[in-house]
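One structure below.
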Amino acid sequence: VQLQASGGGLVQTGGSLRLSCAASGIVSRLYDLGWYRRTPGKQRELVATTYSRGGTNYADSVKGRFTISRDNAKDTVYLQMNNLKPEDTAVYYCKAERMRDMKYTYWGQGTQVTVSS
């Protein structure tokens with residue numbers, strides 16, 4: 001199983017980026033797919049989740065600015081980030097998770113997002 005995240009970069013305050021995470025080795029439509037982020041000295045925090053059965057969830061700090069979406073045919077999850085702020089600077093990770101007989105959790109390698117003020 002591999003999750004390949006891409007799309008990070010350097011952007012100015014107010015700018016936009018679109019992250020992508022392509023999954024291989026799993027049937028992504030069966031998984032909840034999410035984006036997390038980590039800044040130095042802090043724990044990894046949830047940014048957004050799209051559920052296999054439908055619906056989404058967002059951290060309060062990104063509501064109205066970020067949009068998570070998925071393309072099950074391409075086994076890919078996206079994070080559209082608009083109106084970026086310096087506090088959004090972090091390494092962003094994608095995650096795929098499924099509960100069956102046990103919990104199956106897979107993480108991508110992370111992509112750096114830097115927002116300059």
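Lettering and numbering for the structure tokens are positional, with chains as A, B, ... in the shown order, residues counted from 1 in each chain, and ligands counted from 1 in the shown order.
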
Exercise. Could you name the residues that touch stretch 2-13 of chain A at 8 Å or less, counting only C-alpha atoms, but leaving out those on the same chain fewer than 2 positions away, as number ranges by chain?
Worked result: A: 15-25, 83-86, 93-95, 106-117

Problem set entry | stretch 30-40 of chain A surroundings by only C-alpha atoms, 7 Å radius, close-in-sequence under 4 positions cut, as a PyMOL selection string | chain A and resi 44-52+77+90-98

Problem set entry | Straight-line distance linking atom CA of A:Ser28 with atom CA of A:Thr76, stated in Å to one decimal |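 Computed distance, atom CA of A:Ser28 to atom CA of A:Thr76, equals 7.6 Å.
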
For this session: Taking the DSSP assignment computed from this structure's backbone, write out as a ChimeraX atom specification all residues of chain A that belong to strand (DSSP E or B).
Result: /A:2-6,9-12,17-24,32-38,45-50,56-58,66-71,76-81,90-99,103-107,111-116

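Coordinates place atom CA of A:Asn57 at a distance of 18.9 Å from atom CA of A:Gln43.
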
Problem set entry | Those of chain A in DSSP helix (DSSP H, G or I), formatted as a VMD selection string | chain A and resid 28 to 30 60 to 62 86 to 88

Exercise. Atom CA of A:Asp71 to atom CA of A:Arg29: how many Å, to one decimal?
Worked result: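 Separation of atom CA of A:Asp71 and atom CA of A:Arg29: 8.5 Å.
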
Problem set entry | Minimum-distance residue to A:Tyr58, chosen among A:Val27, A:Met102, A:Val1, A:Leu79 (using only C-alpha atoms) |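 Looking only at the distances to A:Tyr58, the closest residue turns out to be A:Leu79.
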